[in-house]
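Encoded as structure tokens, the structure appears first; notes follow it.
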Amino acid sequence: MEPPSKSSLIHTAALRRTLLVGVVGPCGSGKSTLITGLEKHGYTCRHIAQEHSYVPAMWQRITKPDILIFLDASFPTSTARRKLTWQKKDHDEQYRRLSHARQHANVVIDTDDLTPEQVLKRALDYLQSAA
């Protein structure tokens, strides 16, 4: 396999700077951690707090991302990661509020059994394949 050409690398770097990546998911799914990792790789990202909004398409209206990444996390995982004192119905309500974004996500990553590094790798793999 040939290494990428210099012009290909320049194009890829420019694309990363102009591409807006939105990240959504329930509390404790790893949104902030993923965004930090993607930004270190040169991507422009927005944390979209869709899980707190009653407006189903808020993620589209306010942020208008080119790529939308949805991070899945179960109730037990979210609760353990964030040490949340909430009930299953609260988690379910976040998923209800996130349903429109999940339906329109370019990629959905289940973070329950993944390390932050593995989540980042999956997101980067998707972004590189979509370029």
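Here's how to read the names in the structure tokens: chain A, B, ... by the order shown, residue numbers from 1 in each chain, ligand numbers from 1 in the order shown.
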
Who sits within 8 Å of Asp112 (chain A), only C-alpha atoms, same chain under 3 positions skipped, as an MDAnalysis selection string = chainID A and resid 29 72:74 77

May I have the selected residues written with N, CA, C and O atoms, as a PDB file, in the first residue's frame?
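Writing the result to out_25.pdb gives the following:
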ATOM      1  N   SER A  29     -22.186   9.034  28.512  1.00  0.00           N
ATOM      2  CA  SER A  29     -21.863   8.195  27.354  1.00  0.00           C
ATOM      3  C   SER A  29     -20.441   8.420  26.843  1.00  0.00           C
ATOM      4  O   SER A  29     -19.930   7.611  26.068  1.00  0.00           O
ATOM      5  N   ASP A  72     -23.988   5.685  22.479  1.00  0.00           N
ATOM      6  CA  ASP A  72     -24.930   4.921  23.289  1.00  0.00           C
ATOM      7  C   ASP A  72     -24.280   4.543  24.610  1.00  0.00           C
ATOM      8  O   ASP A  72     -23.089   4.214  24.635  1.00  0.00           O
ATOM      9  N   ALA A  73     -25.045   4.560  25.669  1.00  0.00           N
ATOM     10  CA  ALA A  73     -24.581   4.058  26.971  1.00  0.00           C
ATOM     11  C   ALA A  73     -25.802   3.624  27.761  1.00  0.00           C
ATOM     12  O   ALA A  73     -26.780   4.367  27.866  1.00  0.00           O
ATOM     13  N   SER A  74     -25.749   2.438  28.302  1.00  0.00           N
ATOM     14  CA  SER A  74     -26.860   1.903  29.076  1.00  0.00           C
ATOM     15  C   SER A  74     -27.022   2.664  30.396  1.00  0.00           C
ATOM     16  O   SER A  74     -26.110   3.384  30.833  1.00  0.00           O
ATOM     17  N   THR A  77     -24.234   1.777  32.922  1.00  0.00           N
ATOM     18  CA  THR A  77     -22.937   2.365  32.527  1.00  0.00           C
ATOM     19  C   THR A  77     -22.932   3.868  32.763  1.00  0.00           C
ATOM     20  O   THR A  77     -21.990   4.411  33.345  1.00  0.00           O
TER      21      THR A  77
END

Which polymer residues have any atom within 12 Å of an atom of Arg102 (chain A), counting only C-alpha atoms, with same-chain residues fewer than 3 positions away left out, as a PyMOL selection string?
-> chain A and resi 22-26+50-51+56-57+59-60+68-72+94-99+105-110

Those of chain A in DSSP helix (DSSP H, G or I), formatted as a PyMOL selection string = chain A and resi 6-18+31-40+50-52+58-63+75-82+88-104+116-130

So what do you get for CA of Arg61 (chain A) versus CA of Ala101 (chain A), distance-wise?
->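 If I compute the distance from CA of Arg61 (chain A) to CA of Ala101 (chain A), I get 11.5 Å.
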
For CA of Ile67 (chain A) and CA of Leu127 (chain A), determine how far apart the two atoms are, in Å to one decimal place.
-> 8.2 Å

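Look at Leu120 (chain A): the protein and nucleic acid residues within 10 Å of it, using only C-alpha atoms and passing over chain neighbours fewer than 2 places away, are Gly30, Thr33, Leu34, Ile35, Thr36, Gly37, Leu38, Ile109, Leu114, Thr115, Pro116, Glu117, Gln118, Arg122, Ala123, Leu124, Asp125 and Tyr126 of chain A.
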
Within 10 Å of Phe75 (chain A), counting only C-alpha atoms, which residues qualify if same-chain residues fewer than 6 places away don't, as a list of chain:residue names?
-> A:Pro26, A:Cys27, A:Gly28, A:Ser29, A:Leu84, A:Trp86, A:Gln87, A:Lys88, A:Lys89, A:Asp90, A:His91, A:Asp92, A:Asp112

Distance query Thr18 (chain A) at most 10 Å, only C-alpha atoms, self and fewer than 5 positions along chain excluded, as a PyMOL selection string = chain A and resi 13+42-44+66
